[in-house]
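Next comes my_file09.cif, with mmCIF, C-alpha atoms and all ligand atoms.
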```cif
data_run
loop_
_atom_site.label_atom_id
_atom_site.label_comp_id
_atom_site.auth_asym_id
_atom_site.auth_seq_id
_atom_site.Cartn_x
_atom_site.Cartn_y
_atom_site.Cartn_z
CA MET C 1 -3.03 -85.98 36.13
CA VAL C 2 -2.18 -83.15 33.79
CA GLU C 3 1.19 -82.93 32.05
CA LEU C 4 2.63 -79.53 31.31
CA THR C 5 5.98 -77.85 30.85
CA ILE C 6 7.35 -75.19 33.15
CA ASN C 7 10.54 -73.42 32.13
CA GLY C 8 11.43 -76.38 29.92
CA ARG C 9 10.82 -79.03 32.55
CA VAL C 10 7.96 -81.52 32.15
CA VAL C 11 5.88 -81.63 35.31
CA HIS C 12 2.68 -83.25 36.49
CA ALA C 13 -0.16 -81.64 38.33
CA ASN C 14 -3.62 -82.48 39.56
CA GLU C 15 -6.65 -81.39 37.61
CA GLY C 16 -7.89 -78.03 38.87
CA GLU C 17 -4.64 -76.99 40.54
CA MET C 18 -3.56 -73.43 39.93
CA LEU C 19 -0.33 -72.67 38.08
CA LEU C 20 1.14 -70.72 40.99
CA ALA C 21 0.90 -73.68 43.35
CA VAL C 22 2.40 -76.06 40.78
CA CYS C 23 5.25 -73.71 39.85
CA ARG C 24 6.14 -73.18 43.48
CA ARG C 25 6.01 -76.89 44.25
CA GLU C 26 8.43 -77.45 41.39
CA GLY C 27 10.78 -74.91 42.92
CA PHE C 28 10.17 -71.95 40.63
CA ARG C 29 9.98 -68.73 42.53
CA ILE C 30 7.07 -66.44 41.69
CA PRO C 31 6.31 -63.34 43.72
CA ALA C 32 2.71 -63.13 44.92
CA LEU C 33 1.39 -60.62 47.40
CA CYS C 34 -2.35 -61.21 47.41
CA HIS C 35 -2.14 -64.97 47.64
CA HIS C 36 -2.77 -66.94 50.82
CA GLU C 37 -3.30 -70.69 51.07
CA ALA C 38 -6.23 -70.29 53.44
CA ILE C 39 -8.35 -68.23 51.08
CA GLU C 40 -9.50 -68.31 47.48
CA PRO C 41 -7.27 -66.73 44.81
CA PHE C 42 -8.08 -63.11 44.22
CA GLY C 43 -5.93 -61.75 41.40
CA ALA C 44 -5.39 -58.34 42.92
CA CYS C 45 -1.63 -57.76 43.00
CA ARG C 46 -0.81 -58.92 39.44
CA LEU C 47 2.69 -59.93 40.51
CA CYS C 48 2.27 -63.63 39.86
CA MET C 49 1.95 -63.14 36.08
CA VAL C 50 3.51 -65.85 33.92
CA GLU C 51 3.70 -66.39 30.20
CA ILE C 52 1.74 -69.30 28.78
CA THR C 53 1.63 -70.80 25.34
CA LYS C 54 0.91 -74.07 23.55
CA LYS C 55 2.46 -75.75 20.52
CA GLU C 56 -0.74 -75.26 18.54
CA TRP C 57 -0.84 -71.53 19.38
CA LYS C 58 1.73 -71.03 16.60
CA GLY C 59 4.00 -68.67 18.46
CA TRP C 60 1.27 -66.73 20.25
CA SER C 61 1.48 -66.46 23.96
CA ASN C 62 -0.62 -65.02 26.73
CA TYR C 63 0.11 -63.48 30.11
CA VAL C 64 -1.99 -64.66 33.01
CA THR C 65 -2.08 -64.40 36.79
CA SER C 66 -0.80 -67.81 37.81
CA CYS C 67 -2.70 -67.76 41.12
CA LEU C 68 -5.97 -67.81 39.17
CA TYR C 69 -5.05 -69.99 36.20
CA PRO C 70 -5.82 -73.71 36.42
CA VAL C 71 -3.35 -76.13 34.87
CA GLU C 72 -4.06 -77.32 31.35
CA LYS C 73 -2.77 -80.25 29.37
CA ASN C 74 0.31 -79.45 27.26
CA LEU C 75 0.57 -75.92 28.57
CA ILE C 76 4.01 -74.38 28.21
CA VAL C 77 4.72 -72.00 31.07
CA LEU C 78 7.51 -69.47 31.39
CA THR C 79 7.86 -67.89 34.79
CA ASP C 80 10.76 -65.57 34.04
CA SER C 81 10.61 -64.61 30.36
CA THR C 82 11.75 -61.14 29.36
CA LYS C 83 8.15 -60.00 28.93
CA VAL C 84 7.12 -61.43 32.32
CA ILE C 85 9.96 -59.63 34.05
CA GLU C 86 8.96 -56.45 32.28
CA LEU C 87 5.35 -56.81 33.45
CA ARG C 88 6.42 -57.50 37.02
CA LYS C 89 8.68 -54.47 36.96
CA THR C 90 5.76 -52.28 35.91
CA VAL C 91 3.60 -53.65 38.71
CA LEU C 92 6.38 -53.16 41.25
CA ASP C 93 6.99 -49.66 39.94
CA LEU C 94 3.32 -48.86 40.62
CA GLN C 95 3.33 -50.53 44.01
CA LEU C 96 6.45 -48.63 44.95
CA ALA C 97 4.65 -45.40 44.04
CA ARG C 98 1.81 -46.40 46.33
CA CYS C 99 4.00 -47.66 49.17
CA PRO C 100 7.30 -45.78 48.90
CA ASN C 101 8.15 -46.52 52.53
CA SER C 102 7.23 -50.16 52.75
CA PRO C 103 10.37 -52.24 53.39
CA GLU C 104 8.66 -55.31 51.93
CA ILE C 105 7.74 -53.61 48.65
CA ARG C 106 11.09 -51.86 48.41
CA GLN C 107 12.95 -55.11 48.82
CA LEU C 108 10.85 -56.97 46.29
CA ALA C 109 11.12 -54.12 43.80
CA ALA C 110 14.88 -53.94 44.30
CA GLU C 111 15.13 -57.63 43.44
CA TYR C 112 13.77 -56.66 40.05
CA GLY C 113 16.05 -53.67 39.76
CA VAL C 114 13.32 -51.15 40.56
CA ASN C 115 14.94 -48.93 43.15
CA GLN C 116 12.85 -45.89 42.58
CA THR C 117 9.37 -45.48 41.23
CA SER C 118 9.00 -43.70 37.91
CA TYR C 119 5.56 -42.46 39.03
CA GLU C 120 4.64 -39.76 41.50
CA PRO C 121 4.99 -41.47 44.90
CA VAL C 122 2.09 -41.22 47.34
CA VAL C 123 2.89 -38.90 50.23
CA ASP C 124 1.86 -40.07 53.71
CA GLY C 125 0.34 -43.23 52.31
CA ASP C 126 -0.52 -46.12 54.57
CA ASN C 127 1.54 -48.72 52.64
CA CYS C 128 -1.55 -50.85 52.13
CA ILE C 129 -1.55 -52.48 48.70
CA LEU C 130 -5.26 -53.40 48.95
CA CYS C 131 -4.46 -57.07 48.47
CA GLY C 132 -7.59 -57.89 50.46
CA ILE C 133 -5.90 -60.65 52.46
CA CYS C 134 -6.97 -59.09 55.76
CA THR C 135 -10.64 -58.72 54.89
CA ARG C 136 -10.86 -62.10 53.17
CA ILE C 137 -9.11 -63.96 55.94
CA CYS C 138 -11.28 -62.26 58.56
CA GLU C 139 -14.32 -63.42 56.62
CA LYS C 140 -12.88 -66.93 56.35
CA MET C 141 -12.35 -66.98 60.10
CA GLY C 142 -16.08 -66.33 60.35
CA PHE C 143 -15.95 -62.77 61.66
CA SER C 144 -16.22 -60.39 58.68
CA ALA C 145 -15.30 -57.58 61.02
CA ILE C 146 -13.51 -55.38 58.49
CA SER C 147 -13.97 -54.60 54.82
CA THR C 148 -12.83 -52.29 52.09
CA VAL C 149 -14.45 -48.90 52.38
CA GLY C 150 -14.99 -46.45 49.53
CA ARG C 151 -13.68 -47.10 46.07
CA GLY C 152 -11.10 -46.11 43.53
CA HIS C 153 -8.67 -43.60 44.87
CA ASP C 154 -10.26 -43.43 48.29
CA LYS C 155 -10.52 -47.14 48.92
CA VAL C 156 -9.13 -48.24 52.27
CA VAL C 157 -9.49 -51.16 54.62
CA ALA C 158 -11.47 -50.15 57.69
CA PRO C 159 -13.98 -51.34 60.25
CA PRO C 160 -17.66 -50.39 59.77
CA LEU C 161 -18.34 -46.67 60.29
CA LYS C 162 -14.59 -46.42 60.97
CA GLU C 163 -15.35 -47.18 64.60
CA ALA C 164 -14.21 -50.05 66.83
CA PRO C 165 -15.55 -53.10 64.94
CA PRO C 166 -18.28 -54.91 66.91
CA ASP C 167 -17.62 -58.26 65.17
CA CYS C 168 -13.85 -58.30 65.74
CA VAL C 169 -12.54 -60.79 68.30
CA GLY C 170 -8.91 -59.67 68.23
CA CYS C 171 -7.60 -62.89 66.66
CA LEU C 172 -4.83 -61.02 64.75
CA ALA C 173 -5.35 -63.06 61.57
CA CYS C 174 -5.59 -59.82 59.57
CA SER C 175 -2.52 -58.22 61.04
CA LEU C 176 -0.22 -61.25 60.99
CA ASN C 177 -1.01 -62.05 57.36
CA CYS C 178 -0.72 -58.54 55.94
CA PRO C 179 2.10 -58.65 53.37
CA THR C 180 3.20 -55.10 54.18
CA HIS C 181 2.55 -55.33 57.92
CA VAL C 182 0.42 -52.24 58.15
CA ILE C 183 -2.27 -53.34 60.59
CA PRO C 184 -0.96 -52.34 64.00
CA TYR C 185 -1.87 -53.93 67.30
CA ILE C 186 -0.65 -53.48 70.84
CA ASP C 187 -0.30 -56.29 73.36
CA ASN C 188 0.56 -55.24 76.86
CA GLY C 189 0.30 -58.52 78.75
CA SER C 190 -3.29 -58.34 79.86
CA THR C 191 -4.97 -56.49 76.98
CA ARG C 192 -4.73 -56.27 73.23
CA ILE C 193 -5.73 -53.25 71.16
CA ILE C 194 -6.49 -53.67 67.48
CA TRP C 195 -8.72 -51.63 65.14
CA GLY C 196 -9.37 -49.30 68.05
CA ARG C 197 -10.89 -51.99 70.22
CA THR C 198 -9.50 -53.25 73.49
CA PHE C 199 -9.64 -56.96 74.29
CA GLU C 200 -8.91 -58.90 77.44
CA LEU C 201 -6.12 -61.44 77.00
CA ILE C 202 -6.64 -64.70 78.87
CA LYS C 203 -3.83 -65.54 81.29
CA CYS C 204 -2.58 -69.13 81.30
CA SER C 205 -3.79 -70.67 84.53
CA LYS C 206 -0.50 -72.61 84.88
CA CYS C 207 2.23 -70.13 83.98
CA GLY C 208 0.40 -66.80 83.80
CA LYS C 209 1.47 -66.00 80.25
CA PRO C 210 -1.14 -64.30 78.03
CA THR C 211 -2.80 -66.61 75.52
CA ILE C 212 -5.62 -65.46 73.22
CA THR C 213 -8.35 -62.88 73.70
CA ARG C 214 -11.40 -63.77 75.77
CA ASP C 215 -13.64 -62.92 72.79
CA PHE C 216 -11.71 -65.20 70.43
CA ALA C 217 -11.80 -68.07 72.94
CA GLU C 218 -15.52 -67.65 73.50
CA SER C 219 -16.16 -67.60 69.78
CA LEU C 220 -14.04 -70.72 69.22
CA SER C 221 -15.70 -72.65 72.01
CA LYS C 222 -19.11 -71.69 70.66
CA THR C 223 -18.56 -72.33 66.95
CA LYS C 224 -15.97 -75.11 67.08
CA SER C 225 -17.28 -76.82 70.24
CA ILE C 226 -13.92 -76.63 71.97
CA PRO C 227 -14.37 -76.65 75.76
CA ALA C 228 -13.76 -73.18 77.18
CA GLU C 229 -11.28 -74.58 79.76
CA TYR C 230 -8.96 -75.48 76.92
CA PHE C 231 -8.13 -71.82 76.38
CA GLU C 232 -7.34 -71.22 80.04
CA VAL C 233 -3.98 -72.95 79.51
CA CYS C 234 -1.37 -71.77 77.01
CA ASP C 235 0.04 -73.94 74.22
CA GLU C 236 3.35 -74.49 75.97
CA CYS C 237 1.73 -75.64 79.20
CA HIS C 238 -0.60 -77.87 77.16
CA ARG C 239 2.44 -79.54 75.62
CA ARG C 240 4.11 -79.86 78.99
CA GLU C 241 0.99 -81.55 80.35
CA ILE C 242 0.89 -83.92 77.40
CA SER C 243 4.50 -84.96 77.93
CA LEU C 244 3.77 -85.60 81.62
CA THR C 245 0.74 -87.69 80.69
CA MET C 246 2.73 -89.63 78.09
CA GLY C 247 5.45 -90.25 80.70
CA SER C 248 2.91 -91.58 83.17
CA ILE C 249 1.41 -93.88 80.57
CA ALA C 250 4.88 -95.24 79.74
CA ASN C 251 5.47 -95.88 83.44
CA TRP C 252 2.17 -97.72 83.85
CA GLU C 253 2.90 -99.85 80.85
CA ARG C 254 6.29 -100.76 82.26
CA GLU C 255 4.69 -101.61 85.62
CA ALA C 256 2.05 -103.68 83.89
CA ALA C 257 4.64 -105.58 81.87
CA LYS C 258 6.52 -106.64 85.00
CA MET W 259 -32.41 -37.72 62.97
CA SER W 260 -36.00 -38.74 62.52
CA HIS W 261 -35.13 -42.36 62.26
CA ASP W 262 -37.94 -44.54 63.46
CA ARG W 263 -38.03 -48.27 63.47
CA GLY W 264 -41.38 -48.68 61.76
CA LYS W 265 -40.15 -47.16 58.52
CA LEU W 266 -37.08 -49.37 58.48
CA GLU W 267 -39.07 -52.48 59.30
CA ALA W 268 -41.39 -51.69 56.40
CA ILE W 269 -38.42 -51.39 54.06
CA PHE W 270 -36.93 -54.69 55.27
CA ASP W 271 -40.27 -56.43 54.86
CA ARG W 272 -40.71 -55.01 51.37
CA TYR W 273 -37.74 -57.18 50.35
CA SER W 274 -38.54 -60.12 52.63
CA ARG W 275 -35.29 -59.46 54.51
CA GLN W 276 -33.28 -61.18 51.81
CA PRO W 277 -29.51 -60.65 51.99
CA GLU W 278 -29.49 -60.28 48.17
CA SER W 279 -31.68 -57.19 48.53
CA LEU W 280 -29.01 -55.24 50.39
CA ILE W 281 -28.61 -52.60 47.68
CA ALA W 282 -32.36 -52.18 47.16
CA VAL W 283 -32.87 -51.80 50.90
CA LEU W 284 -30.10 -49.22 51.15
CA GLN W 285 -31.60 -47.32 48.20
CA ASP W 286 -34.95 -47.12 49.96
CA ILE W 287 -33.34 -45.99 53.20
CA GLN W 288 -31.38 -43.35 51.29
CA LYS W 289 -34.62 -42.17 49.68
CA GLU W 290 -36.43 -42.05 53.02
CA TYR W 291 -33.78 -40.12 54.98
CA ARG W 292 -31.75 -38.58 52.13
CA TYR W 293 -28.75 -40.38 53.64
CA LEU W 294 -27.86 -43.62 55.38
CA PRO W 295 -27.93 -43.04 59.14
CA GLY W 296 -25.39 -45.13 61.06
CA PRO W 297 -28.00 -46.85 63.27
CA ALA W 298 -29.98 -47.76 60.15
CA LEU W 299 -26.89 -49.57 58.81
CA LEU W 300 -26.67 -51.57 62.04
CA GLU W 301 -30.32 -52.54 61.77
CA THR W 302 -29.97 -53.43 58.11
CA ALA W 303 -27.08 -55.76 58.92
CA GLU W 304 -29.16 -57.42 61.60
CA ALA W 305 -32.37 -57.68 59.59
CA LEU W 306 -30.78 -59.05 56.40
CA LYS W 307 -28.19 -61.16 58.27
CA VAL W 308 -25.37 -59.52 56.34
CA PRO W 309 -22.12 -58.67 58.17
CA LEU W 310 -22.06 -55.01 59.20
CA SER W 311 -18.69 -54.65 57.47
CA LYS W 312 -20.30 -55.66 54.18
CA VAL W 313 -23.16 -53.22 54.63
CA PHE W 314 -20.64 -50.47 55.24
CA SER W 315 -18.51 -51.53 52.29
CA VAL W 316 -21.50 -51.34 49.93
CA SER W 317 -22.73 -48.06 51.48
CA THR W 318 -19.40 -46.39 50.79
CA PHE W 319 -18.89 -47.91 47.34
CA TYR W 320 -21.76 -46.34 45.43
CA ASN W 321 -22.04 -42.61 44.82
CA ALA W 322 -25.81 -42.89 45.17
CA PHE W 323 -25.36 -43.52 48.89
CA SER W 324 -24.33 -40.91 51.36
CA LEU W 325 -23.43 -41.34 55.01
CA THR W 326 -24.02 -37.71 55.82
CA PRO W 327 -27.40 -35.98 55.47
CA LYS W 328 -27.94 -34.23 52.16
CA GLY W 329 -29.87 -31.02 51.59
CA GLU W 330 -33.41 -30.87 50.27
CA THR W 331 -32.03 -29.78 46.93
CA VAL W 332 -29.01 -31.56 45.54
CA VAL W 333 -27.18 -29.60 42.87
CA ARG W 334 -24.94 -31.87 40.81
CA ILE W 335 -22.40 -30.20 38.60
CA CYS W 336 -20.96 -32.28 35.82
CA VAL W 337 -17.19 -31.88 35.67
CA GLY W 338 -16.64 -34.56 33.03
CA THR W 339 -14.25 -33.85 30.17
CA THR W 340 -16.72 -32.11 27.87
CA CYS W 341 -18.31 -30.03 30.61
CA HIS W 342 -14.85 -29.18 31.88
CA ILE W 343 -13.86 -27.81 28.47
CA ARG W 344 -17.10 -25.87 28.31
CA GLY W 345 -16.50 -24.11 31.60
CA ALA W 346 -17.70 -26.42 34.37
CA LYS W 347 -15.04 -24.99 36.70
CA VAL W 348 -16.50 -21.48 36.43
CA ILE W 349 -20.02 -22.82 36.87
CA GLN W 350 -18.87 -24.72 39.95
CA GLN W 351 -17.21 -21.66 41.47
CA GLN W 352 -20.29 -19.58 40.78
CA ILE W 353 -22.63 -22.09 42.43
CA GLU W 354 -20.28 -22.46 45.37
CA ASN W 355 -20.25 -18.69 45.83
CA MET W 356 -24.00 -18.43 45.53
CA LEU W 357 -24.67 -21.07 48.15
CA GLY W 358 -21.65 -20.31 50.32
CA ILE W 359 -20.50 -23.94 50.45
CA LYS W 360 -17.99 -26.07 48.59
CA ALA W 361 -18.70 -29.11 46.47
CA GLY W 362 -19.43 -32.09 48.70
CA GLU W 363 -20.90 -29.85 51.40
CA THR W 364 -24.41 -29.07 52.58
CA THR W 365 -25.70 -25.69 53.73
CA PRO W 366 -26.24 -25.45 57.51
CA ASP W 367 -29.99 -25.01 56.98
CA MET W 368 -29.96 -28.38 55.15
CA LYS W 369 -31.49 -26.77 52.05
CA PHE W 370 -28.70 -27.35 49.50
CA THR W 371 -25.98 -29.87 48.79
CA ILE W 372 -23.43 -29.44 46.01
CA GLU W 373 -21.92 -32.47 44.35
CA VAL W 374 -19.65 -32.89 41.40
CA VAL W 375 -20.05 -35.82 39.04
CA ALA W 376 -17.97 -37.05 36.12
CA CYS W 377 -19.92 -37.10 32.85
CA VAL W 378 -23.65 -37.63 33.18
CA GLY W 379 -23.81 -38.83 29.59
CA ALA W 380 -25.27 -35.66 28.11
CA CYS W 381 -22.13 -34.12 26.65
CA ALA W 382 -24.04 -32.55 23.75
CA MET W 383 -25.72 -30.32 26.33
CA ALA W 384 -22.50 -29.40 28.14
CA PRO W 385 -22.06 -27.79 30.56
CA VAL W 386 -24.66 -29.74 32.50
CA VAL W 387 -26.04 -29.09 35.97
CA ALA W 388 -28.63 -31.38 37.53
CA VAL W 389 -30.93 -30.00 40.19
CA ASN W 390 -32.61 -32.85 42.05
CA ASP W 391 -32.16 -35.11 39.03
CA GLN W 392 -33.66 -32.50 36.68
CA PHE W 393 -31.03 -31.90 33.99
CA HIS W 394 -30.17 -28.47 32.69
CA GLY W 395 -27.93 -28.14 29.64
CA GLY W 396 -26.01 -25.24 28.17
CA VAL W 397 -25.80 -23.65 31.58
CA THR W 398 -24.38 -20.13 31.72
CA VAL W 399 -23.28 -18.09 34.69
CA ALA W 400 -26.12 -15.66 34.06
CA GLY W 401 -28.62 -18.46 33.74
CA LEU W 402 -27.45 -19.99 36.97
CA LYS W 403 -29.00 -17.24 39.04
CA ARG W 404 -32.39 -18.07 37.62
CA LEU W 405 -31.84 -21.77 38.01
CA VAL W 406 -30.93 -21.66 41.66
CA LYS W 407 -33.44 -18.93 42.48
CA LYS W 408 -36.22 -21.04 41.03
CA VAL W 409 -35.62 -23.80 43.53
S1 LIG Z 1 -4.02 -53.91 55.15
FE1 LIG Z 1 -2.47 -55.38 54.48
S2 LIG Z 1 -3.62 -57.28 54.17
FE2 LIG Z 1 -5.11 -55.63 54.24
S3 LIG Z 1 -5.41 -55.05 52.09
FE3 LIG Z 1 -3.83 -53.69 52.94
S4 LIG Z 1 -1.91 -54.70 52.42
FE4 LIG Z 1 -3.52 -56.24 52.19
S1 LIG Z 2 -8.35 -59.32 64.57
FE1 LIG Z 2 -10.47 -58.73 64.20
S2 LIG Z 2 -10.44 -57.78 62.17
FE2 LIG Z 2 -8.53 -58.95 62.38
S3 LIG Z 2 -9.00 -60.95 61.48
FE3 LIG Z 2 -9.36 -61.13 63.69
S4 LIG Z 2 -11.54 -60.66 63.92
FE4 LIG Z 2 -10.95 -59.93 61.87
S1 LIG Z 3 -0.93 -63.51 43.68
FE1 LIG Z 3 -1.83 -63.62 41.75
S2 LIG Z 3 -2.53 -61.64 41.43
FE2 LIG Z 3 -1.72 -61.52 43.45
S1 LIG Z 4 -18.91 -34.34 30.45
FE1 LIG Z 4 -20.67 -33.48 31.32
S2 LIG Z 4 -22.20 -34.62 30.37
FE2 LIG Z 4 -20.43 -35.52 29.55
#
```

Take the structure in this file and express it as structure tokens.
Ligand code: SF4
Ligand code: SF4
Ligand code: FES
Ligand code: FES
Amino acid sequence: MVELTINGRVVHANEGEMLLAVCRREGFRIPALCHHEAIEPFGACRLCMVEITKKEWKGWSNYVTSCLYPVEKNLIVLTDSTKVIELRKTVLDLQLARCPNSPEIRQLAAEYGVNQTSYEPVVDGDNCILCGICTRICEKMGFSAISTVGRGHDKVVAPPLKEAPPDCVGCLACSLNCPTHVIPYIDNGSTRIIWGRTFELIKCSKCGKPTITRDFAESLSKTKSIPAEYFEVCDECHRREISLTMGSIANWEREAAK
Amino acid sequence: MSHDRGKLEAIFDRYSRQPESLIAVLQDIQKEYRYLPGPALLETAEALKVPLSKVFSVSTFYNAFSLTPKGETVVRICVGTTCHIRGAKVIQQQIENMLGIKAGETTPDMKFTIEVVACVGACAMAPVVAVNDQFHGGVTVAGLKRLVKKV
């Protein structure tokens, strides 16, 4: 156990935990756009900055990305100091210049009083903040179908050769976790289109509703040893079946008790 | 594209098909073909067991790699700060006029490619033009004619 102080309150944390997680658990709100529980911290968005100091630092303090900073004994953390707010405003000002039309960025920036960027806004941008959640989560899922392409100014997220990605299974992990919702996909009942590739959606054998893509199901049954039949039935019908089974068991037990 | 398997296989074997050798392998492919052909990227991914997305990410990250074929002669014009002050823009325009292409392009006969680079680290010699990695300093518009004619 490590004891530290956050905004004047003494808190306890486990060795190795990152400041962001501890602050949030203690109820302190810190914006973070490149953070996702399923993947390793990345430090790309710079929004989660906090001020840290220690008694023995004699008035010196430091500004660190809380998502990447492990807890330390006797650390004094300020999540909303004047300087921290100032830093966050600068970051949001820049992000607003990059994504002037993103509702998510606009809202977050407005919360910090940044209603308009003081920089030259990007025209016809794609609202991607290059947080890398999509590429990292795709890799974590075991597919590594997309990556960042180019660098500096020209860096974008794209599939290899900017063509339909051969390793994509259409799981949607990238799209659903994108903080600015800029990865489009189309579901039309029987097919899904994402990254320019078309996937077959499995139809639930009980109710006919679309479940997941055939490619995703095949990959899961291969790598996670889940029987392929499992994916022929949707979650809802699975639950319905379970409740029927549980009901039958209860009935048998009652019969047996008689 | 004269892209034959044997050459690629030899390159992969040279580095024992180690995933860590991705950059070295791509460098050799670039040297062999003067660019990275798409199918060669697919085979690299397969041979080194590196995700194709990663191969593509690396291929597009470094300036040394090109996904489109380059000309036999690559003319690199330095447009770094010092060269800029010493007239790199005029030099660039002149070269573009002489070859009839813009920076980043290759002549249709695949003889020349023009590229611009930011500071090649030879500011004392500004303005600098590199022709196939041969550096020329103190380049003048008049001297350019000779330089390009020579090659
Ligand atoms: S597409 Fe979305 S998730 Fe991917 S880097 Fe851009 S903002 Fe992040
Ligand atoms: S939909 Fe495709 S690109 Fe997106 S996370 Fe899933 S496999 Fe990766
Ligand atoms: S969440 Fe820490 S830098 Fe993005
Ligand atoms: S700016 Fe051209 S060599 Fe430095």

Can you list every residue of chain C that has an atom at most 9 Å from ligand LIG 1 (chain Z), with its nearest atom pair and the distance in Å to one decimal, using all atoms listed in the file, ordered by chain then number, as CSV?
```
residue,atom,partner,partner_atom,distance
C:Leu33,CA,Z:LIG1,FE4,8.1
C:Cys34,CA,Z:LIG1,FE4,7.0
C:Asp126,CA,Z:LIG1,FE3,8.4
C:Asn127,CA,Z:LIG1,S4,6.9
C:Cys128,CA,Z:LIG1,FE3,3.7
C:Ile129,CA,Z:LIG1,S4,4.3
C:Leu130,CA,Z:LIG1,S3,3.6
C:Cys131,CA,Z:LIG1,FE4,3.9
C:Gly132,CA,Z:LIG1,S3,3.9
C:Ile133,CA,Z:LIG1,S2,4.4
C:Cys134,CA,Z:LIG1,S2,4.1
C:Thr135,CA,Z:LIG1,FE2,6.4
C:Arg136,CA,Z:LIG1,FE2,8.7
C:Ile137,CA,Z:LIG1,S2,8.8
C:Ser147,CA,Z:LIG1,FE2,8.9
C:Thr148,CA,Z:LIG1,S3,7.9
C:Val156,CA,Z:LIG1,FE3,7.6
C:Val157,CA,Z:LIG1,S1,6.1
C:Ala158,CA,Z:LIG1,S1,8.7
C:Cys174,CA,Z:LIG1,S2,6.3
C:Ser175,CA,Z:LIG1,S2,7.0
C:Leu176,CA,Z:LIG1,S2,8.6
C:Asn177,CA,Z:LIG1,S2,6.3
C:Cys178,CA,Z:LIG1,S2,3.6
C:Pro179,CA,Z:LIG1,S4,5.7
C:Thr180,CA,Z:LIG1,S4,5.4
C:His181,CA,Z:LIG1,FE1,6.1
C:Val182,CA,Z:LIG1,S1,5.6
C:Ile183,CA,Z:LIG1,S1,5.7
```

Would you tabulate, counting all atoms listed in the file, all residues of chain C that have an atom at most 8 Å from an atom of chain W, showing the closest pair of atoms and their distance in Å to one decimal, sorted by chain then ascending number, as a tab-separated table?
```
residue	atom	partner	partner_atom	distance
C:Ser144	CA	W:Pro309	CA	6.2
C:Ala145	CA	W:Ser311	CA	5.7
C:Ile146	CA	W:Ser311	CA	5.3
C:Ser147	CA	W:Ser311	CA	5.4
C:Thr148	CA	W:Ser315	CA	5.7
C:Val149	CA	W:Ser315	CA	4.8
C:Gly150	CA	W:Thr318	CA	4.6
C:Arg151	CA	W:Phe319	CA	5.4
C:Pro159	CA	W:Ser311	CA	6.4
C:Pro160	CA	W:Ser311	CA	4.9
C:Leu161	CA	W:Phe314	CA	6.7
```

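Here CA of Asp271 (chain W) and CA of Pro165 (chain C) stand 26.9 Å from one another.
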
Nearby residues (only C-alpha atoms) at most 12 Å from region 58-62 of chain C, same-chain spacing under 2 positions excluded, as a PyMOL selection string: chain C and resi 49-56+64-66+69+75-78+81+83-84

W:Arg263, W:Gln392, W:Met383, W:Arg272 ranked by distance to Arg344 (chain W), top pick (using all atoms listed in the file): W:Met383

Expected answer as a list in words: residues within 8 Å of ligand LIG 4 (chain Z), all atoms listed in the file: Cys336, Val337, Gly338, Thr339, Thr340, Cys341, His342, Ala376, Cys377, Val378, Gly379, Ala380, Cys381, Ala382, Met383, Ala384, Pro385 and Val386 of chain W

Contacts of ligand LIG 2 (chain Z), 6 Å or closer, only C-alpha atoms and all ligand atoms, given as a list in words: Cys138, Phe143, Ala145, Ile146, Cys168, Val169, Gly170, Cys171, Leu172, Ala173 and Cys174 of chain C

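Considering all atoms listed in the file, the residue among C:Glu229, C:Cys23, C:Arg46, C:Tyr63 positioned nearest to Thr82 (chain C) is C:Tyr63.
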